$ cat input32.txt   # compact mmCIF, C-alpha atoms
# COMPACT_ATOMS: atom_id res chain seq x y z
CA MET A 1 0.00 0.00 0.00
CA PRO A 2 1.64 3.24 -1.09
CA GLY A 3 1.88 5.71 1.75
CA VAL A 4 -0.52 8.60 2.11
CA LYS A 5 0.51 11.85 3.73
CA ILE A 6 -1.30 12.59 6.95
CA VAL A 7 -0.52 15.56 9.16
CA GLY A 8 -1.47 15.34 12.81
CA PHE A 9 -1.64 18.36 15.09
CA LEU A 10 -1.45 17.04 18.65
CA CYS A 11 -1.68 19.01 21.83
CA ASN A 12 1.32 18.73 24.08
CA TRP A 13 -0.55 17.78 27.23
CA CYS A 14 -2.97 15.05 26.22
CA SER A 15 -2.83 13.70 22.70
CA TYR A 16 0.94 13.90 22.26
CA GLY A 17 1.22 12.11 25.57
CA GLY A 18 -1.37 9.62 24.36
CA ALA A 19 0.65 8.93 21.22
CA ASP A 20 3.72 8.50 23.40
CA THR A 21 1.85 6.08 25.64
CA ALA A 22 0.84 4.10 22.54
CA GLY A 23 4.49 4.01 21.47
CA VAL A 24 5.85 3.02 24.87
CA SER A 25 3.21 0.30 25.08
CA ARG A 26 4.36 -1.02 21.68
CA PHE A 27 0.89 -0.67 20.11
CA LYS A 28 1.26 -1.33 16.42
CA GLN A 29 0.02 1.57 14.32
CA PRO A 30 0.23 2.75 10.72
CA GLN A 31 3.11 5.11 10.01
CA ASP A 32 1.60 7.49 7.49
CA ILE A 33 1.05 10.23 10.03
CA ARG A 34 3.49 13.04 10.65
CA ILE A 35 2.91 14.52 14.07
CA ILE A 36 3.29 18.20 14.84
CA ARG A 37 3.24 19.01 18.52
CA VAL A 38 1.33 22.15 19.45
CA PRO A 39 0.86 23.61 22.94
CA CYS A 40 -2.92 23.19 22.84
CA SER A 41 -5.62 22.28 20.34
CA GLY A 42 -6.66 25.93 20.76
CA ARG A 43 -3.35 26.82 19.09
CA VAL A 44 -4.49 25.14 15.89
CA ASP A 45 -5.56 27.84 13.51
CA PRO A 46 -8.02 26.30 11.03
CA LEU A 47 -5.72 27.77 8.40
CA PHE A 48 -2.96 25.32 9.51
CA VAL A 49 -5.26 22.60 8.25
CA VAL A 50 -6.08 24.45 5.06
CA ARG A 51 -2.41 25.10 4.38
CA ALA A 52 -1.56 21.45 4.98
CA PHE A 53 -4.13 20.36 2.41
CA LEU A 54 -3.02 22.94 -0.13
CA MET A 55 0.61 21.87 0.32
CA GLY A 56 -0.18 18.25 -0.40
CA ALA A 57 -1.49 16.52 2.71
CA ASP A 58 -4.01 13.79 2.00
CA GLY A 59 -5.53 13.93 5.45
CA VAL A 60 -5.29 16.13 8.53
CA LEU A 61 -5.98 15.06 12.09
CA VAL A 62 -6.25 17.41 15.04
CA SER A 63 -6.33 15.93 18.49
CA GLY A 64 -6.50 17.60 21.87
CA CYS A 65 -7.55 17.03 25.45
CA HIS A 66 -11.10 15.92 26.07
CA PRO A 67 -13.54 18.76 26.77
CA ARG A 68 -13.36 19.71 30.49
CA ASP A 69 -9.80 18.38 30.56
CA CYS A 70 -7.83 21.12 28.78
CA HIS A 71 -4.49 21.99 30.38
CA TYR A 72 -5.35 25.65 29.80
CA SER A 73 -8.94 25.14 30.97
CA GLU A 74 -10.70 26.31 27.84
CA GLY A 75 -8.44 26.10 24.79
CA ASN A 76 -10.16 23.05 23.38
CA TYR A 77 -13.59 24.66 23.70
CA TYR A 78 -12.53 27.38 21.27
CA ALA A 79 -10.86 24.74 19.11
CA ARG A 80 -14.05 22.72 18.98
CA ARG A 81 -16.04 25.65 17.56
CA ARG A 82 -13.37 26.58 15.01
CA LEU A 83 -12.68 23.07 13.85
CA GLU A 84 -16.35 22.18 13.56
CA MET A 85 -16.83 25.26 11.39
CA LEU A 86 -13.82 24.22 9.30
CA LYS A 87 -15.10 20.67 8.96
CA ARG A 88 -18.31 22.02 7.47
CA PHE A 89 -16.51 24.54 5.28
CA LEU A 90 -13.85 22.34 3.63
CA PRO A 91 -16.27 20.18 1.60
CA PHE A 92 -17.84 23.36 0.23
CA MET A 93 -14.51 24.32 -1.30
CA GLY A 94 -14.04 20.84 -2.70
CA ILE A 95 -11.98 19.06 -0.03
CA ASP A 96 -13.73 15.86 1.10
CA GLY A 97 -14.89 16.30 4.71
CA ARG A 98 -13.72 12.79 5.61
CA ARG A 99 -10.12 13.90 5.06
CA PHE A 100 -10.23 16.14 8.10
CA VAL A 101 -10.97 14.84 11.58
CA TYR A 102 -10.65 16.44 14.96
CA THR A 103 -10.90 14.36 18.10
CA TRP A 104 -9.91 14.09 21.73
CA VAL A 105 -7.32 11.68 23.15
CA SER A 106 -5.97 11.91 26.68
CA ALA A 107 -2.40 11.09 27.73
CA SER A 108 -3.44 7.76 29.26
CA GLU A 109 -5.41 6.62 26.21
CA GLY A 110 -2.65 4.86 24.28
CA ALA A 111 -5.08 2.27 22.99
CA ARG A 112 -7.51 4.97 21.92
CA TRP A 113 -4.74 6.76 20.04
CA GLN A 114 -3.92 3.53 18.24
CA LYS A 115 -7.58 3.18 17.26
CA VAL A 116 -7.81 6.82 16.06
CA VAL A 117 -4.69 6.54 13.91
CA LYS A 118 -5.71 3.18 12.51
CA GLU A 119 -9.22 4.24 11.58
CA PHE A 120 -8.20 7.59 10.16
CA THR A 121 -5.34 6.14 8.14
CA GLU A 122 -7.65 3.48 6.76
CA THR A 123 -10.15 6.14 5.72
CA ILE A 124 -7.47 8.17 3.96
CA ARG A 125 -5.95 5.11 2.29
CA GLY A 126 -9.43 4.24 1.09
CA LEU A 127 -9.89 7.71 -0.35
CA GLY A 128 -6.42 7.67 -1.91
CA PRO A 129 -4.16 10.66 -2.48
CA LEU A 130 -5.89 14.04 -2.59
CA LYS A 131 -5.21 15.50 -5.99
CA LEU A 132 -6.40 19.06 -5.56
CA PHE A 133 -4.30 20.69 -8.24
CA GLU A 134 -2.20 19.68 -11.20
CA PRO A 135 1.47 19.69 -10.23
CA GLU A 136 2.62 23.32 -10.55
CA SER A 137 -0.61 24.76 -11.88
CA THR A 138 -0.45 28.40 -12.74
CA MET B 139 -35.42 62.28 0.61
CA ILE B 140 -32.09 63.96 -0.22
CA GLU B 141 -33.34 67.24 1.29
CA ARG B 142 -34.01 65.40 4.55
CA ILE B 143 -30.51 63.84 4.47
CA ARG B 144 -28.93 67.27 3.91
CA GLU B 145 -30.98 68.74 6.73
CA ILE B 146 -29.95 65.98 9.19
CA ALA B 147 -26.32 66.15 8.01
CA GLY B 148 -26.35 69.92 8.57
CA LYS B 149 -27.55 69.43 12.14
CA ILE B 150 -24.91 66.76 12.78
CA LEU B 151 -22.16 69.07 11.52
CA ARG B 152 -22.94 71.44 14.38
CA ASP B 153 -21.34 69.10 16.90
CA ALA B 154 -19.29 66.75 14.71
CA ASN B 155 -16.62 67.69 12.19
CA ILE B 156 -17.39 65.23 9.45
CA PHE B 157 -20.41 63.74 7.78
CA ILE B 158 -19.77 60.84 5.41
CA GLY B 159 -22.22 60.50 2.54
CA TYR B 160 -22.24 60.08 -1.23
CA GLU B 161 -21.76 62.46 -4.14
CA ARG B 162 -22.06 61.96 -7.89
CA GLY B 163 -19.05 60.22 -9.39
CA PHE B 164 -17.53 60.59 -12.85
CA ASP B 165 -20.70 59.51 -14.60
CA ALA B 166 -24.38 59.06 -13.86
CA ILE B 167 -24.12 55.44 -12.74
CA HIS B 168 -21.24 56.00 -10.33
CA ALA B 169 -21.43 57.53 -6.89
CA THR B 170 -18.39 58.23 -4.76
CA PRO B 171 -17.99 58.72 -1.00
CA LEU B 172 -18.05 62.34 0.16
CA PHE B 173 -16.62 63.65 3.41
CA VAL B 174 -18.57 66.79 4.25
CA ARG B 175 -16.71 69.18 6.55
CA LYS B 176 -18.24 72.49 5.50
CA GLU B 177 -21.86 73.46 5.27
CA GLU B 178 -21.56 74.58 1.65
CA ASP B 179 -20.67 71.02 0.63
CA LEU B 180 -24.01 69.67 1.87
CA LYS B 181 -25.58 70.37 -1.51
CA ARG B 182 -23.17 67.90 -3.13
CA LEU B 183 -24.72 65.02 -1.20
CA ILE B 184 -26.84 62.59 -3.18
CA TRP B 185 -28.92 59.50 -2.45
CA ASP B 186 -30.12 57.04 -5.11
CA PRO B 187 -29.54 53.39 -6.07
CA THR B 188 -26.03 54.19 -7.32
CA CYS B 189 -24.90 54.72 -3.70
CA VAL B 190 -23.29 51.31 -3.43
CA HIS B 191 -20.37 51.78 -1.03
CA ASN B 192 -20.45 50.69 2.57
CA LEU B 193 -19.52 53.96 4.27
CA ALA B 194 -19.39 52.30 7.69
CA SER B 195 -16.03 50.85 6.60
CA TYR B 196 -14.35 54.18 7.39
CA LEU B 197 -15.47 54.27 11.01
CA PRO B 198 -12.74 52.23 12.76
CA TYR B 199 -10.11 54.61 11.35
CA MET B 200 -11.83 57.92 12.08
CA LYS B 201 -9.98 60.00 14.62
CA GLU B 202 -12.94 62.19 15.52
CA ARG B 203 -16.66 61.96 16.06
CA CYS B 204 -18.51 61.82 12.78
CA GLY B 205 -21.86 61.28 11.16
CA VAL B 206 -22.35 58.56 8.57
CA LEU B 207 -25.06 57.59 6.11
CA VAL B 208 -25.85 53.87 6.13
CA LYS B 209 -28.16 51.47 4.35
CA GLY B 210 -29.56 48.39 6.09
CA CYS B 211 -26.63 46.18 5.12
CA ASP B 212 -24.06 48.82 6.07
CA SER B 213 -25.66 49.27 9.49
CA ARG B 214 -24.88 45.65 10.24
CA ALA B 215 -21.18 46.45 9.86
CA ILE B 216 -21.60 49.14 12.54
CA VAL B 217 -23.33 46.65 14.84
CA GLN B 218 -20.49 44.21 14.25
CA TYR B 219 -17.87 46.90 15.00
CA LEU B 220 -19.67 47.59 18.28
CA GLN B 221 -19.71 43.89 19.14
CA GLU B 222 -15.99 43.68 18.56
CA GLY B 223 -15.21 46.94 20.34
CA LEU B 224 -13.74 48.51 17.21
CA ILE B 225 -15.72 51.74 17.53
CA LYS B 226 -17.49 53.53 20.35
CA ARG B 227 -21.19 54.18 20.00
CA GLU B 228 -20.85 57.79 21.16
CA ASP B 229 -18.27 58.54 18.47
CA VAL B 230 -20.67 58.02 15.61
CA VAL B 231 -23.97 59.58 14.61
CA ILE B 232 -25.78 57.07 12.42
CA VAL B 233 -28.12 58.32 9.74
CA GLY B 234 -30.08 55.36 8.48
CA VAL B 235 -31.64 55.28 5.06
CA PRO B 236 -34.18 52.57 4.25
CA CYS B 237 -33.08 51.16 0.93
CA ARG B 238 -34.83 49.28 -1.86
CA GLY B 239 -31.60 48.02 -3.36
CA VAL B 240 -28.54 49.41 -5.09
CA VAL B 241 -27.37 48.79 -8.62
CA ASP B 242 -24.80 46.29 -9.76
CA VAL B 243 -22.68 48.85 -11.60
CA LYS B 244 -20.67 46.26 -13.52
CA ALA B 245 -23.84 44.56 -14.80
CA VAL B 246 -25.35 47.88 -15.86
CA MET B 247 -22.17 48.86 -17.68
CA ARG B 248 -22.10 45.52 -19.44
CA LYS B 249 -25.70 46.01 -20.57
CA THR B 250 -24.95 49.46 -21.93
CA GLY B 251 -21.86 48.33 -23.81
CA TYR B 252 -19.47 50.21 -21.50
CA ARG B 253 -20.47 53.57 -23.03
CA PRO B 254 -20.26 56.65 -20.81
CA ILE B 255 -23.60 57.02 -19.03
CA LEU B 256 -24.77 60.60 -19.21
CA ASN B 257 -28.01 60.25 -17.35
CA ALA B 258 -29.66 57.64 -15.15
CA SER B 259 -33.11 57.94 -13.71
CA PHE B 260 -34.87 55.57 -11.37
CA ARG B 261 -38.64 55.56 -11.60
CA ASN B 262 -41.41 53.06 -10.89
CA GLY B 263 -39.09 50.09 -10.64
CA ARG B 264 -37.34 50.94 -13.90
CA LEU B 265 -33.92 52.29 -14.63
CA VAL B 266 -33.61 54.55 -17.67
CA LEU B 267 -30.06 55.10 -18.88
CA ARG B 268 -28.89 57.51 -21.53
CA THR B 269 -25.44 56.88 -22.96
CA ASP B 270 -23.66 58.98 -25.57
CA GLU B 271 -25.13 56.64 -28.20
CA ALA B 272 -28.55 55.46 -27.13
CA GLU B 273 -31.17 55.22 -24.45
CA LYS B 274 -31.71 51.96 -22.58
CA GLU B 275 -34.35 50.93 -20.14
CA LEU B 276 -33.80 48.19 -17.58
CA VAL B 277 -36.13 46.64 -15.05
CA MET B 278 -34.72 47.65 -11.67
CA GLU B 279 -34.89 44.06 -10.42
CA GLU B 280 -32.39 43.05 -13.13
CA ALA B 281 -30.02 45.88 -12.36
CA LEU B 282 -29.85 45.20 -8.62
CA GLN B 283 -26.93 43.60 -6.82
CA GLY B 284 -27.41 39.97 -5.83
CA LYS B 285 -27.34 40.89 -2.14
CA CYS B 286 -30.28 43.26 -2.65
CA ARG B 287 -32.37 40.55 -4.27
CA ARG B 288 -31.91 38.53 -1.09
CA CYS B 289 -32.00 41.45 1.36
CA LEU B 290 -33.60 40.73 4.72
CA TYR B 291 -32.68 44.06 6.31
CA PRO B 292 -33.62 46.95 4.01
CA THR B 293 -34.01 49.24 7.02
CA PRO B 294 -30.93 49.97 9.15
CA LEU B 295 -30.86 48.00 12.39
CA LEU B 296 -29.21 50.77 14.39
CA TYR B 297 -29.56 54.50 13.80
CA ASP B 298 -29.88 57.89 15.45
CA HIS B 299 -31.88 59.40 12.60
CA LEU B 300 -33.98 57.57 10.04
CA VAL B 301 -34.50 59.62 6.90
CA SER B 302 -37.73 57.97 5.76
CA GLU B 303 -40.31 55.41 6.78
CA SER B 304 -38.84 51.99 7.45
CA ILE B 305 -39.24 49.26 4.83
CA LEU B 306 -39.92 45.63 5.66
CA SER B 307 -38.22 42.88 3.69
CA ASP B 308 -40.48 40.89 1.40
CA LYS B 309 -37.99 38.03 1.19
CA ASP B 310 -38.47 34.68 2.85
CA PRO B 311 -35.59 34.14 5.33
CA ASP B 312 -35.54 30.45 4.46
CA SER B 313 -35.03 31.06 0.76
CA VAL B 314 -32.07 33.43 0.86
CA TYR B 315 -29.54 30.60 1.03
CA ALA B 316 -31.07 28.66 -1.86
CA ASP B 317 -27.97 29.00 -4.05
CA ILE B 318 -25.72 27.73 -1.25
CA LEU B 319 -28.00 24.73 -0.74
CA GLU B 320 -27.81 24.03 -4.45
CA LEU B 321 -23.99 24.01 -4.33
CA GLU B 322 -24.07 21.82 -1.22
CA GLY B 323 -26.18 19.33 -3.15
CA ARG B 324 -23.50 18.79 -5.79
CA THR B 325 -20.63 16.34 -5.49
CA CYS B 326 -17.37 17.33 -3.85
CA GLU B 327 -15.45 17.00 -7.15
CA ASP B 328 -18.01 19.20 -8.82
CA ARG B 329 -17.56 21.93 -6.23
CA LEU B 330 -13.78 21.65 -6.47
CA SER B 331 -13.87 22.21 -10.22
CA PHE B 332 -16.38 25.03 -9.73
CA TRP B 333 -14.06 26.86 -7.33
CA LYS B 334 -10.98 26.09 -9.40
CA ARG B 335 -12.69 27.71 -12.38
CA GLU B 336 -13.86 30.73 -10.39
CA LEU B 337 -10.71 31.26 -8.35
CA SER B 338 -8.36 30.72 -11.29
CA ARG B 339 -9.44 34.19 -12.44
CA CYS B 340 -8.20 35.77 -9.19
CA ILE B 341 -5.33 38.18 -9.81
CA ARG B 342 -4.68 38.58 -6.08
CA CYS B 343 -5.15 42.33 -6.22
CA TYR B 344 -6.66 42.04 -2.70
CA ALA B 345 -9.40 44.52 -3.62
CA CYS B 346 -11.91 42.25 -1.84
CA ARG B 347 -9.88 42.52 1.33
CA ASN B 348 -9.36 46.24 1.01
CA ALA B 349 -13.06 46.85 0.48
CA CYS B 350 -14.15 44.52 3.28
CA PRO B 351 -15.44 46.41 6.33
CA MET B 352 -14.45 43.57 8.64
CA CYS B 353 -10.86 43.28 7.33
CA ILE B 354 -9.34 45.51 9.94
CA CYS B 355 -5.77 44.15 10.08
CA ARG B 356 -4.64 46.56 7.37
CA ASP B 357 -0.83 46.34 7.03
CA SER B 358 -0.64 43.32 9.32
CA CYS B 359 -2.78 41.14 7.05
CA ILE B 360 -1.26 37.66 7.02
CA ALA B 361 -1.67 37.48 3.25
CA GLU B 362 1.26 39.88 3.03
CA THR B 363 3.40 39.29 6.09
CA ARG B 364 6.70 37.51 5.57
CA GLU B 365 6.81 36.25 9.12
CA PRO B 366 4.71 34.15 9.30
CA LYS B 367 4.58 33.49 5.59
CA TRP B 368 1.14 32.12 4.80
CA VAL B 369 0.94 32.98 1.13
CA THR B 370 3.83 33.04 -1.30
CA GLN B 371 4.27 35.27 -4.32
CA ARG B 372 3.79 32.38 -6.72
CA SER B 373 0.83 32.96 -8.94
CA ASN B 374 -0.78 29.56 -8.82
CA LEU B 375 -4.14 28.14 -7.81
CA GLN B 376 -2.90 26.91 -4.44
CA GLU B 377 -2.02 30.43 -3.37
CA LYS B 378 -5.28 31.80 -4.71
CA PHE B 379 -7.21 29.18 -2.76
CA MET B 380 -5.13 29.96 0.30
CA PHE B 381 -5.82 33.66 0.15
CA HIS B 382 -9.56 33.19 -0.24
CA MET B 383 -9.72 30.60 2.52
CA ILE B 384 -7.87 33.04 4.80
CA HIS B 385 -10.36 35.77 4.00
CA ALA B 386 -13.38 33.51 4.44
CA LEU B 387 -12.21 31.95 7.70
CA HIS B 388 -11.16 35.26 9.22
CA LEU B 389 -14.72 36.39 8.56
CA ALA B 390 -16.33 33.39 10.25
CA GLY B 391 -19.19 34.71 12.34
CA ARG B 392 -18.25 38.27 11.40
CA CYS B 393 -19.27 38.74 7.77
CA VAL B 394 -22.31 41.00 7.51
CA GLU B 395 -22.87 40.20 3.81
CA CYS B 396 -22.59 43.79 2.65
CA GLY B 397 -21.17 42.46 -0.62
CA GLU B 398 -18.29 44.91 -0.84
CA CYS B 399 -15.84 42.07 -1.65
CA GLU B 400 -17.85 41.00 -4.66
CA ARG B 401 -18.45 44.58 -5.79
CA ALA B 402 -14.75 45.40 -5.60
CA CYS B 403 -13.63 42.24 -7.40
CA PRO B 404 -12.46 43.13 -10.91
CA MET B 405 -12.72 39.49 -12.00
CA GLU B 406 -16.31 38.97 -10.85
CA ILE B 407 -15.54 36.03 -8.59
CA PRO B 408 -18.60 35.03 -6.51
CA LEU B 409 -16.83 35.80 -3.25
CA LEU B 410 -19.99 36.34 -1.27
CA THR B 411 -20.95 32.72 -1.95
CA ILE B 412 -17.94 31.55 0.09
CA ARG B 413 -18.73 33.91 2.97
CA ARG B 414 -22.42 33.06 2.94
CA LYS B 415 -21.63 29.37 3.24
CA VAL B 416 -19.70 30.13 6.44
CA ASN B 417 -22.55 32.34 7.63
CA LEU B 418 -25.06 29.60 6.96
CA GLU B 419 -22.99 27.25 9.12
CA MET B 420 -22.85 29.88 11.86
CA LYS B 421 -26.62 29.98 11.72
CA ARG B 422 -26.94 26.20 11.79
CA LEU B 423 -24.38 25.76 14.57
CA PHE B 424 -24.92 28.75 16.82
CA ASP B 425 -28.15 30.30 15.55
CA TYR B 426 -26.09 33.42 14.97
CA GLU B 427 -26.20 36.13 12.37
CA ALA B 428 -23.45 38.74 12.36
CA GLY B 429 -24.25 42.38 12.90
CA ILE B 430 -27.77 42.12 14.27
CA ARG B 431 -27.58 42.90 18.00
CA PRO B 432 -24.80 45.09 19.44
CA ASP B 433 -24.73 43.22 22.77
CA GLU B 434 -24.17 39.77 21.23
CA ARG B 435 -20.79 38.04 21.14
CA PRO B 436 -19.49 36.63 17.85
CA PRO B 437 -19.57 32.81 18.16
CA MET B 438 -15.84 32.38 17.59
CA TYR B 439 -15.08 34.72 20.51
CA THR B 440 -16.81 32.46 22.99
CA PHE B 441 -17.86 28.86 23.69
CA LYS B 442 -20.23 26.67 25.64
CA VAL B 443 -19.03 23.77 27.77
CA GLU B 444 -21.83 21.67 26.28
CA GLU B 445 -22.36 22.52 22.62
CA GLU B 446 -25.85 21.38 21.71
CA SER B 447 -25.26 21.46 17.97
CA ILE B 448 -21.77 19.92 17.80
CA ARG B 449 -21.71 16.15 17.89
CA ASP B 450 -18.93 14.10 19.50
CA PRO B 451 -16.06 13.19 17.15
CA GLU B 452 -16.74 10.16 14.98
CA ILE B 453 -13.40 8.55 15.86
$ encode --input "input32.txt" --output "structure tokens"
Amino acid sequence: MPGVKIVGFLCNWCSYGGADTAGVSRFKQPQDIRIIRVPCSGRVDPLFVVRAFLMGADGVLVSGCHPRDCHYSEGNYYARRRLEMLKRFLPFMGIDGRRFVYTWVSASEGARWQKVVKEFTETIRGLGPLKLFEPEST
Amino acid sequence: MIERIREIAGKILRDANIFIGYERGFDAIHATPLFVRKEEDLKRLIWDPTCVHNLASYLPYMKERCGVLVKGCDSRAIVQYLQEGLIKREDVVIVGVPCRGVVDVKAVMRKTGYRPILNASFRNGRLVLRTDEAEKELVMEEALQGKCRRCLYPTPLLYDHLVSESILSDKDPDSVYADILELEGRTCEDRLSFWKRELSRCIRCYACRNACPMCICRDSCIAETREPKWVTQRSNLQEKFMFHMIHALHLAGRCVECGECERACPMEIPLLTIRRKVNLEMKRLFDYEAGIRPDERPPMYTFKVEEESIRDPEI
């Protein structure tokens, strides 16, 4: 299976820890995801996601602390509103909504992280590479 | 009606230094903003369906108290400024003018073969134009801007003076997003090729941004900053998409649909369609419409611990 490019924005306090837990626990997971650590899911500007897609990502995953569990109390609440809006906006511009997922994984949920990565990677592999533009269109 | 506007503007000038209104532009179909500072300039003021500009856009940059003439759509920009704390209510005297729609100047010029328009008169729902070559009559409905054909707020929502009797909208609020629903009904590939076709015309002149009342970043706009560098100088579709996604997303829950972006666009890209999609989602998600009540908070500036309309993530 040729690799797809997936970008993951993970919050430092929960989801990055969760991914680490999955690694330490030796949970097998697909390796198509490139993880970018951000201080909080509230740091994720919806435009990060847009930029990732326009620069060739086939899927983008944002993961933060569960609601009520944000390290900064309320960052993920703002993130939830922004990302939900983005999720509804992307398909309108022609980017399949299934290619963008935001979710919540805590630092202890190594198994849940494994499940998230597996499911999302499978979805993106199923959809295949996102060919938005011809190479070097002008 | 213009006499009444001049009279109110004259009164405002007694305790404010500036009144912002419209005057005749270089031909009969163009109006241009007029900053009245002296009483003798009051007679230059005009009001008719050529008064297309959103004069509220000047307010965040005014250094002194001023009066301003606004249509229904423009008044929503003022309400939005107040919500975001960009202007103070006491710094502005709002003269509201109930409006039956303004002309789509580009469409009218196309219909008259781009000849100089010497005279334009608006009577009984018809627009009679005299160019240097011929006379042409248009039904007003055809000459109106798209936003006016969908207008739900013909009467300003916030004003100190109202120059004539208020007008109620005859549009059905459920039907104004019909074109967005139609686009939503198409396939994703179809929409992608639609936007590729439309946005490929973009020359990135940023006129839409410059005309937008809610684009208040001015020189700090991220479309032009080098650090961070969001958009490159390459002239390809990716960058065009990027710029328009920036503009649309920065307007989420803020766009008042005044249509200045689309009016300013030299390439006639349906920019308002992008913004109205976001607005429709704001309505679906948060039951929110920008620029309606000054004491509301834009949805992206706040949150609820339990969001009734946002479902839990699917994974």
$ atom_distance --input "input32.txt" --atom1 "CA of Pro129 (chain A)" --atom2 "CA of Pro46 (chain A)"
21.0 Å
$ closest_atom_pairs --input "input32.txt" --of "chain B" --to "chain A" --cutoff "9 Å" --atoms "all atoms listed in the file" --output "CSV"
residue,atom,partner,partner_atom,distance
B:Leu321,CA,A:Phe92,CA,7.7
B:Glu322,CA,A:Phe92,CA,6.6
B:Thr325,CA,A:Gly94,CA,8.5
B:Cys326,CA,A:Gly94,CA,5.0
B:Glu327,CA,A:Gly94,CA,6.0
B:Asp328,CA,A:Gly94,CA,7.5
B:Arg329,CA,A:Gly94,CA,5.1
B:Leu330,CA,A:Gly94,CA,3.9
B:Ser331,CA,A:Gly94,CA,7.6
B:Phe332,CA,A:Gly94,CA,8.5
B:Trp333,CA,A:Met93,CA,6.6
B:Lys334,CA,A:Phe133,CA,8.7
B:Ser338,CA,A:Thr138,CA,8.4
B:Trp368,CA,A:Arg51,CA,7.9
B:Arg372,CA,A:Thr138,CA,8.4
B:Ser373,CA,A:Thr138,CA,6.1
B:Asn374,CA,A:Thr138,CA,4.1
B:Leu375,CA,A:Thr138,CA,6.2
B:Gln376,CA,A:Leu54,CA,5.9
B:Glu377,CA,A:Leu54,CA,8.2
B:Phe379,CA,A:Leu54,CA,8.0
B:Met380,CA,A:Arg51,CA,6.9
B:Met383,CA,A:Val50,CA,7.6
B:Ile384,CA,A:Leu47,CA,6.7
B:Leu387,CA,A:Leu47,CA,7.8
B:Ala390,CA,A:Met85,CA,8.2
B:Ile412,CA,A:Met93,CA,8.1
B:Lys415,CA,A:Phe89,CA,7.3
B:Val416,CA,A:Phe89,CA,6.5
B:Glu419,CA,A:Met85,CA,6.9
B:Met420,CA,A:Met85,CA,7.6
B:Leu423,CA,A:Met85,CA,8.2
B:Pro437,CA,A:Arg81,CA,8.0
B:Met438,CA,A:Arg81,CA,6.7
B:Tyr439,CA,A:Tyr78,CA,7.8
B:Thr440,CA,A:Tyr78,CA,6.9
B:Phe441,CA,A:Tyr77,CA,6.0
B:Lys442,CA,A:Tyr77,CA,7.2
B:Val443,CA,A:Tyr77,CA,6.9
B:Glu444,CA,A:Pro67,CA,8.8
B:Glu445,CA,A:Arg81,CA,8.7
B:Ile448,CA,A:Glu84,CA,7.2
B:Asp450,CA,A:Thr103,CA,8.2
B:Pro451,CA,A:Thr103,CA,5.4
B:Glu452,CA,A:Thr103,CA,7.8
B:Ile453,CA,A:Val116,CA,5.9
$ atom_distance --input "input32.txt" --atom1 "CA of Ser302 (chain B)" --atom2 "CA of Ile158 (chain B)"
18.2 Å
$ closest_residue --input "input32.txt" --among "A:Ser106, A:Arg37, A:Arg43, A:Asp32" --to "His66 (chain A)" --atoms "all atoms listed in the file"
A:Ser106
$ residues_around --input "input32.txt" --residues "Cys237 (chain B)" --least-positions-apart "6" --cutoff "7 Å" --atoms "all atoms listed in the file" --output "PyMOL selection string"
chain B and resi 209-210+292-293
$ residues_around --input "input32.txt" --residues "region 189-195 of chain B" --least-positions-apart "4" --cutoff "7 Å" --atoms "only C-alpha atoms" --output "list in words"
Ile158, Tyr160, Ala169, Trp185, Val206, Leu207, Val208, Asp212, Ala215, Ile216, Val240 and Pro351 of chain B
$ atom_distance --input "input32.txt" --atom1 "CA of Pro236 (chain B)" --atom2 "CA of Pro294 (chain B)"
6.4 Å
$ closest_atom_pairs --input "input32.txt" --of "region 44-121 of chain A" --to "region 9-18 of chain A" --cutoff "7 Å" --atoms "only C-alpha atoms" --output "JSON lines"
{"residue": "A:Leu61", "atom": "CA", "partner": "A:Phe9", "partner_atom": "CA", "distance": 6.2}
{"residue": "A:Val62", "atom": "CA", "partner": "A:Phe9", "partner_atom": "CA", "distance": 4.7}
{"residue": "A:Ser63", "atom": "CA", "partner": "A:Leu10", "partner_atom": "CA", "distance": 5.0}
{"residue": "A:Gly64", "atom": "CA", "partner": "A:Cys11", "partner_atom": "CA", "distance": 5.0}
{"residue": "A:Cys65", "atom": "CA", "partner": "A:Cys14", "partner_atom": "CA", "distance": 5.0}
{"residue": "A:His71", "atom": "CA", "partner": "A:Trp13", "partner_atom": "CA", "distance": 6.6}
{"residue": "A:Val105", "atom": "CA", "partner": "A:Ser15", "partner_atom": "CA", "distance": 4.9}
{"residue": "A:Ser106", "atom": "CA", "partner": "A:Cys14", "partner_atom": "CA", "distance": 4.4}
{"residue": "A:Ala107", "atom": "CA", "partner": "A:Gly18", "partner_atom": "CA", "distance": 3.8}
{"residue": "A:Ser108", "atom": "CA", "partner": "A:Gly18", "partner_atom": "CA", "distance": 5.6}
{"residue": "A:Glu109", "atom": "CA", "partner": "A:Gly18", "partner_atom": "CA", "distance": 5.4}
{"residue": "A:Gly110", "atom": "CA", "partner": "A:Gly18", "partner_atom": "CA", "distance": 4.9}
{"residue": "A:Trp113", "atom": "CA", "partner": "A:Gly18", "partner_atom": "CA", "distance": 6.2}
$ closest_residue --input "input32.txt" --among "A:Cys70, A:Ala111, A:Val49, A:Val7" --to "Gln31 (chain A)" --atoms "all atoms listed in the file"
A:Val7
$ closest_residue --input "input32.txt" --among "B:Lys285, B:Arg214, B:Arg182, B:Arg449" --to "Gly429 (chain B)" --atoms "all atoms listed in the file"
B:Arg214
$ closest_residue --input "input32.txt" --among "B:Phe164, B:Tyr297, B:Phe260, B:Tyr252" --to "Arg227 (chain B)" --atoms "all atoms listed in the file"
B:Tyr297
$ closest_residue --input "input32.txt" --among "B:Glu222, B:Glu336, B:Asp298, B:Glu273" --to "Gly234 (chain B)" --atoms "all atoms listed in the file"
B:Asp298
